[in-house]
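A quick write-up on the structure given underneath.
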Amino acid sequence: MITVKNLWYTYPKSKEPTLKGLDFHIDDGEIFGFLGPSASGKSTTQKLLIGLLKGYKGEVSILGKDAKSWGSDLYQDLGVGFELPNHFLQLTGLENLKLFSSFYKKETRDPMELLKLVGLEEAADQRVKNYSKGMMVRLNFVRAILHDPKLLFLDEPTSGLDPTNAKKLREIILKLKKEGKTIFLTTHNMHIADELCDRVAFIVEGKIALVDSPRALKLSHGELQVRVEYRKDGALVQEDFPLHGLGKEEGFRALLDADELETIHSREATLEDVFIKETGRSLR
C-alpha cells in the first residue's frame, strides 16, 4: 500500500533536513505505527504521504502508484484524521458530515450511522462550536472514514478522549483492520501502538531507528524472567525466577503450593523501554 525509499525533506528556509533518508513499507491490511517524540518527523512524514507537502527527495509509492503522479483522485481512497480537529464550527455535526460527503464521487456511509457509532447521535443537530474537545475528536474520526477509504491516516486518534471513548475508538480501528483497511498511525502513546499496531517504526530526529512488531521488540529486549509477588508475614515480597525451566524451579513450585501468590508476570520490556534503549530518547 505504501513504499518509501530514501525519503528526504527540508522545509523552506531551514538549513537542516527534517527527514533524513527514511525507508519503510506498509502492507495491505496492516496497522503501521510511527512512534516518536514531538518534532521527530512523524507529522512531516504523514503530510508528505497525503500530499500536503511537496518537494521531497526519494521515492514514494501510494496504492501502487508514484505519489507524484497522484492528483485529487487520491483522496477518493484515502482518509485522514488530524490530531487537531478542524471543523466548520457554525454547522452542526450532521451538516459537517453531509458537506464532506458531497466532496466524493462515490457513495459515502450514512452520516447518522457514523455519529451513532461514536456516541454523537444526540448531538447531531448541535452546532460544532458547542461541542467539547472530545466530541470534536470523535467527529473528526468519523469524517475520516466517511467515504470508506482503503488507506487511513490517523494522527494521535484518541488524544483528548476519556477512557471510555478512547477504548471505543480503538475497537473501531481494530474492526476497520478486520475489514481490510490499511492504517498509518502516528503517535507517541506506546500503549495505543502496542494494542493496535502490527508493526511499529521508531523515528527520532528524522531517522528511523527500528521497525518490527511490538511483540518481537518487547521479547527481544526483555528479561527471560518471571516476577512473582506474594505475602510473607503480611508484607508484599517480590521474587524473580528464570523463565526457562520454570516448572522445575523448586522455589517457584513452593510458592505455588503455599497459595499465597498475588501476581505473576513475565518481565518483557515495554515499547517505551525499547525506544529509550535504542534511541536514548523518551517518547514524551
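Chain labels run A, B, ... following the order of the C-alpha cells; each chain numbers its residues from 1, and ligands are numbered from 1 in the order shown.
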
Notebook entry, point to check: Just asking: which residues within segment 71-279 of chain A are helix (DSSP H, G or I) according to DSSP, as number ranges by chain?
Noted result: A: 72-76, 93-101, 111-117, 121-123, 128-130, 133-144, 163-178, 190-196, 214-221, 246-248, 250-258, 271-279

**OP:** From a DSSP calculation on the backbone, collect every residue of segment 21-88 of chain A in strand (DSSP E or B) and output the set as a list in words.
**Re:**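 Going through segment 21-88 of chain A, the strand (DSSP E or B) residues come out as Gly21, Leu22, Asp23, Phe24, His25, Ile26, Ile31, Phe32, Gly33, Phe34, Leu35, Lys57, Gly58, Glu59, Val60, Ser61, Ile62, Lys65, Asp66, Leu78, Gly79, Val80 and Gly81 of chain A.
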
Can you list, as a CSV table (one decimal) with C-alpha atoms, in the first residue's frame, every protein, DNA or RNA residue that comes within 8 Å of Phe202 of chain A when you count only C-alpha atoms, leaving out same-chain residues fewer than 2 positions away?
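Okay, this is what ended up in result.csv:
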```csv
chain,number,residue,atom,x,y,z
A,34,PHE,CA,5.0,5.7,13.7
A,35,LEU,CA,6.4,6.3,17.2
A,36,GLY,CA,8.5,9.2,18.2
A,200,VAL,CA,5.9,0.0,14.5
A,204,VAL,CA,14.0,10.2,16.1
A,208,ILE,CA,14.1,5.6,11.6
A,209,ALA,CA,15.9,3.6,14.3
A,210,LEU,CA,14.0,0.4,14.2
A,211,VAL,CA,11.0,-1.4,12.6
A,275,PHE,CA,12.5,3.0,22.5
```

* Asked: Which neighbours of Phe153 of chain A fall inside 6 Å, counting only C-alpha atoms, when residues of the same chain fewer than 6 positions from it are skipped, and could you give them as a PyMOL selection string?
  -> chain A and resi 80+183-184

Taking C-alpha atoms for each residue, export the selection above as a PDB file, in the first residue's frame.
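Wrote it out as part-v6.pdb, contents follow:
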```pdb
ATOM      1  CA  VAL A  80      -7.139  11.463   7.166  1.00  0.00           C
ATOM      2  CA  ILE A 183      -3.894   2.256   8.647  1.00  0.00           C
ATOM      3  CA  PHE A 184      -0.907   4.561   9.173  1.00  0.00           C
TER       4      PHE A 184
END
```

Show which residues sit within 8 Å of Lys218 of chain A, as a VMD selection string. Count only C-alpha atoms, and ignore same-chain residues fewer than 5 positions away.
chain A and resid 268 to 271 274

Report the closest atom pair, with its distance in Å rounded to one decimal, for each residue of segment 69-176 of chain A that has an atom no farther than 10 Å from segment 55-64 of chain A; count only C-alpha atoms, sort by chain and then rising residue number, and write it as a Markdown table.
```
| residue | atom | partner | partner_atom | distance |
| --- | --- | --- | --- | --- |
| A:Ser69 | CA | A:Ser61 | CA | 9.3 |
| A:Trp70 | CA | A:Ile62 | CA | 8.5 |
| A:Leu74 | CA | A:Ile62 | CA | 8.7 |
| A:Asp77 | CA | A:Leu63 | CA | 8.9 |
| A:Leu78 | CA | A:Leu63 | CA | 9.4 |
| A:Lys150 | CA | A:Leu63 | CA | 8.9 |
| A:Leu151 | CA | A:Leu63 | CA | 8.2 |
```

Same residues, all heavy atoms, output as a compact mmCIF listing (two decimals), in the first residue's frame:
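Saved as part16.txt:
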```txt
# COMPACT_ATOMS: atom_id res chain seq x y z
N SER A 69 2.50 11.22 -9.12
CA SER A 69 1.54 11.06 -10.23
C SER A 69 0.10 11.20 -9.78
O SER A 69 -0.80 11.31 -10.62
CB SER A 69 1.74 9.68 -10.88
OG SER A 69 3.05 9.53 -11.38
N TRP A 70 -0.12 11.19 -8.47
CA TRP A 70 -1.49 11.30 -7.97
C TRP A 70 -1.98 12.75 -8.05
O TRP A 70 -1.24 13.68 -7.76
CB TRP A 70 -1.57 10.84 -6.52
CG TRP A 70 -1.66 9.35 -6.32
CD1 TRP A 70 -0.68 8.53 -5.84
CD2 TRP A 70 -2.80 8.51 -6.56
NE1 TRP A 70 -1.13 7.23 -5.77
CE2 TRP A 70 -2.43 7.19 -6.21
CE3 TRP A 70 -4.08 8.76 -7.05
CZ2 TRP A 70 -3.30 6.12 -6.33
CZ3 TRP A 70 -4.96 7.69 -7.17
CH2 TRP A 70 -4.57 6.39 -6.82
N LEU A 74 -6.63 10.86 -5.52
CA LEU A 74 -6.08 10.07 -4.42
C LEU A 74 -7.02 10.05 -3.22
O LEU A 74 -7.17 9.04 -2.54
CB LEU A 74 -4.72 10.64 -4.00
CG LEU A 74 -4.09 10.06 -2.72
CD1 LEU A 74 -3.78 8.58 -2.89
CD2 LEU A 74 -2.81 10.83 -2.36
N ASP A 77 -9.79 7.41 -2.09
CA ASP A 77 -9.45 6.16 -1.40
C ASP A 77 -8.58 6.38 -0.17
O ASP A 77 -8.02 5.44 0.38
CB ASP A 77 -8.72 5.22 -2.37
CG ASP A 77 -9.64 4.67 -3.43
OD1 ASP A 77 -10.76 4.23 -3.09
OD2 ASP A 77 -9.26 4.68 -4.62
N LEU A 78 -8.46 7.63 0.23
CA LEU A 78 -7.58 7.97 1.36
C LEU A 78 -8.35 8.80 2.37
O LEU A 78 -9.01 9.77 2.01
CB LEU A 78 -6.37 8.74 0.82
CG LEU A 78 -5.22 9.09 1.77
CD1 LEU A 78 -3.92 9.18 0.97
CD2 LEU A 78 -5.50 10.43 2.45
N LYS A 150 -9.69 3.05 1.51
CA LYS A 150 -8.83 1.86 1.60
C LYS A 150 -7.66 2.11 2.54
O LYS A 150 -7.19 1.20 3.22
CB LYS A 150 -8.28 1.50 0.21
CG LYS A 150 -9.32 1.10 -0.81
CD LYS A 150 -8.64 0.84 -2.16
CE LYS A 150 -9.66 0.49 -3.23
NZ LYS A 150 -9.00 0.31 -4.55
N LEU A 151 -7.19 3.36 2.55
CA LEU A 151 -6.00 3.74 3.30
C LEU A 151 -6.36 4.88 4.25
O LEU A 151 -6.93 5.88 3.84
CB LEU A 151 -4.90 4.19 2.33
CG LEU A 151 -3.57 4.65 2.90
CD1 LEU A 151 -2.93 3.57 3.76
CD2 LEU A 151 -2.63 5.04 1.75
```

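Considering the residues A:Leu196, A:Leu49, A:Lys106, A:Ser72 and counting only C-alpha atoms, Lys178 of chain A has its shortest atom-to-atom contact with A:Leu196.
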
So that I can check the surroundings of segment 119-130 of chain A, please list as a PDB file with all heavy atoms, in the first residue's frame every protein, DNA and RNA residue that reaches within 6 Å of it, counting only C-alpha atoms and ignoring chain neighbours fewer than 4 positions away.
```
ATOM      1  N   LEU A  89     -17.425  25.309  12.394  1.00  0.00           N
ATOM      2  CA  LEU A  89     -17.995  25.421  13.733  1.00  0.00           C
ATOM      3  C   LEU A  89     -19.441  25.901  13.743  1.00  0.00           C
ATOM      4  O   LEU A  89     -20.187  25.600  14.681  1.00  0.00           O
ATOM      5  CB  LEU A  89     -17.132  26.356  14.583  1.00  0.00           C
ATOM      6  CG  LEU A  89     -15.673  25.920  14.770  1.00  0.00           C
ATOM      7  CD1 LEU A  89     -14.937  26.903  15.669  1.00  0.00           C
ATOM      8  CD2 LEU A  89     -15.589  24.517  15.359  1.00  0.00           C
ATOM      9  N   GLN A  90     -19.847  26.635  12.730  1.00  0.00           N
ATOM     10  CA  GLN A  90     -21.221  27.142  12.698  1.00  0.00           C
ATOM     11  C   GLN A  90     -22.209  26.090  12.185  1.00  0.00           C
ATOM     12  O   GLN A  90     -23.423  26.266  12.301  1.00  0.00           O
ATOM     13  CB  GLN A  90     -21.306  28.394  11.830  1.00  0.00           C
ATOM     14  CG  GLN A  90     -20.506  29.580  12.381  1.00  0.00           C
ATOM     15  CD  GLN A  90     -20.975  30.017  13.756  1.00  0.00           C
ATOM     16  OE1 GLN A  90     -22.160  29.954  14.074  1.00  0.00           O
ATOM     17  NE2 GLN A  90     -20.044  30.461  14.588  1.00  0.00           N
ATOM     18  N   LEU A  91     -21.695  25.006  11.610  1.00  0.00           N
ATOM     19  CA  LEU A  91     -22.551  23.922  11.152  1.00  0.00           C
ATOM     20  C   LEU A  91     -22.724  22.893  12.255  1.00  0.00           C
ATOM     21  O   LEU A  91     -21.916  22.801  13.181  1.00  0.00           O
ATOM     22  CB  LEU A  91     -21.942  23.242   9.920  1.00  0.00           C
ATOM     23  CG  LEU A  91     -21.715  24.107   8.677  1.00  0.00           C
ATOM     24  CD1 LEU A  91     -21.137  23.263   7.554  1.00  0.00           C
ATOM     25  CD2 LEU A  91     -23.005  24.783   8.243  1.00  0.00           C
ATOM     26  N   THR A  92     -23.768  22.110  12.169  1.00  0.00           N
ATOM     27  CA  THR A  92     -23.969  21.023  13.128  1.00  0.00           C
ATOM     28  C   THR A  92     -23.043  19.865  12.766  1.00  0.00           C
ATOM     29  O   THR A  92     -22.440  19.835  11.689  1.00  0.00           O
ATOM     30  CB  THR A  92     -25.420  20.532  13.108  1.00  0.00           C
ATOM     31  OG1 THR A  92     -25.676  19.888  11.835  1.00  0.00           O
ATOM     32  CG2 THR A  92     -26.392  21.675  13.320  1.00  0.00           C
ATOM     33  N   GLY A  93     -22.972  18.893  13.659  1.00  0.00           N
ATOM     34  CA  GLY A  93     -22.173  17.711  13.369  1.00  0.00           C
ATOM     35  C   GLY A  93     -22.663  17.000  12.130  1.00  0.00           C
ATOM     36  O   GLY A  93     -21.872  16.596  11.265  1.00  0.00           O
ATOM     37  N   LEU A  94     -23.978  16.849  12.015  1.00  0.00           N
ATOM     38  CA  LEU A  94     -24.563  16.184  10.852  1.00  0.00           C
ATOM     39  C   LEU A  94     -24.313  16.982   9.576  1.00  0.00           C
ATOM     40  O   LEU A  94     -23.987  16.407   8.524  1.00  0.00           O
ATOM     41  CB  LEU A  94     -26.070  16.002  11.070  1.00  0.00           C
ATOM     42  CG  LEU A  94     -26.832  15.272   9.966  1.00  0.00           C
ATOM     43  CD1 LEU A  94     -26.260  13.879   9.732  1.00  0.00           C
ATOM     44  CD2 LEU A  94     -28.325  15.194  10.313  1.00  0.00           C
ATOM     45  N   LEU A 115     -22.310   8.904  13.275  1.00  0.00           N
ATOM     46  CA  LEU A 115     -22.433   9.643  14.528  1.00  0.00           C
ATOM     47  C   LEU A 115     -22.857   8.710  15.665  1.00  0.00           C
ATOM     48  O   LEU A 115     -22.362   8.818  16.794  1.00  0.00           O
ATOM     49  CB  LEU A 115     -23.448  10.778  14.367  1.00  0.00           C
ATOM     50  CG  LEU A 115     -23.013  11.929  13.447  1.00  0.00           C
ATOM     51  CD1 LEU A 115     -24.168  12.887  13.214  1.00  0.00           C
ATOM     52  CD2 LEU A 115     -21.816  12.668  14.034  1.00  0.00           C
TER      53      LEU A 115
END
```

Discussion item. With distances taken over only C-alpha atoms, which residue among A:Ala258, A:Ile172, A:Val142, A:Leu243 lies nearest Ser101 of chain A?
Written reply: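 Smallest distance to Ser101 of chain A is found for A:Val142.
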
* Asked: Smallest atom-to-atom distance to Glu272 of chain A: which of A:Leu217, A:Leu161, A:Leu174, A:Val228, using only C-alpha atoms?
  ->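 Using only C-alpha atoms, Glu272 of chain A sits closest to A:Leu217.
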
The distance between atom CA of Arg138 of chain A and atom CA of Ala193 of chain A is 18.9 Å

*Selection: 6 Å around Asp23 of chain A, only C-alpha atoms, excl. self and same-chain fewer than 2 positions, as a list in words*: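 The residues that qualify are Val4, Lys5 and Asn6 of chain A.
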
Using N, CA, C and O atoms, can you export the residues from the last selection as a PDB file, in the first residue's frame?
```pdb
ATOM      1  N   VAL A   4       8.269   3.569   0.793  1.00  0.00           N
ATOM      2  CA  VAL A   4       9.083   4.778   0.935  1.00  0.00           C
ATOM      3  C   VAL A   4      10.554   4.372   0.863  1.00  0.00           C
ATOM      4  O   VAL A   4      10.994   3.488   1.601  1.00  0.00           O
ATOM      5  N   LYS A   5      11.290   5.012  -0.033  1.00  0.00           N
ATOM      6  CA  LYS A   5      12.713   4.707  -0.197  1.00  0.00           C
ATOM      7  C   LYS A   5      13.540   5.993  -0.175  1.00  0.00           C
ATOM      8  O   LYS A   5      13.303   6.911  -0.957  1.00  0.00           O
ATOM      9  N   ASN A   6      14.472   6.041   0.764  1.00  0.00           N
ATOM     10  CA  ASN A   6      15.439   7.145   0.858  1.00  0.00           C
ATOM     11  C   ASN A   6      14.751   8.515   0.807  1.00  0.00           C
ATOM     12  O   ASN A   6      15.106   9.388   0.019  1.00  0.00           O
TER      13      ASN A   6
END
```

Correct to one decimal, the distance atom CA of Gly180 of chain A-atom CA of Glu95 of chain A is 28.6 Å
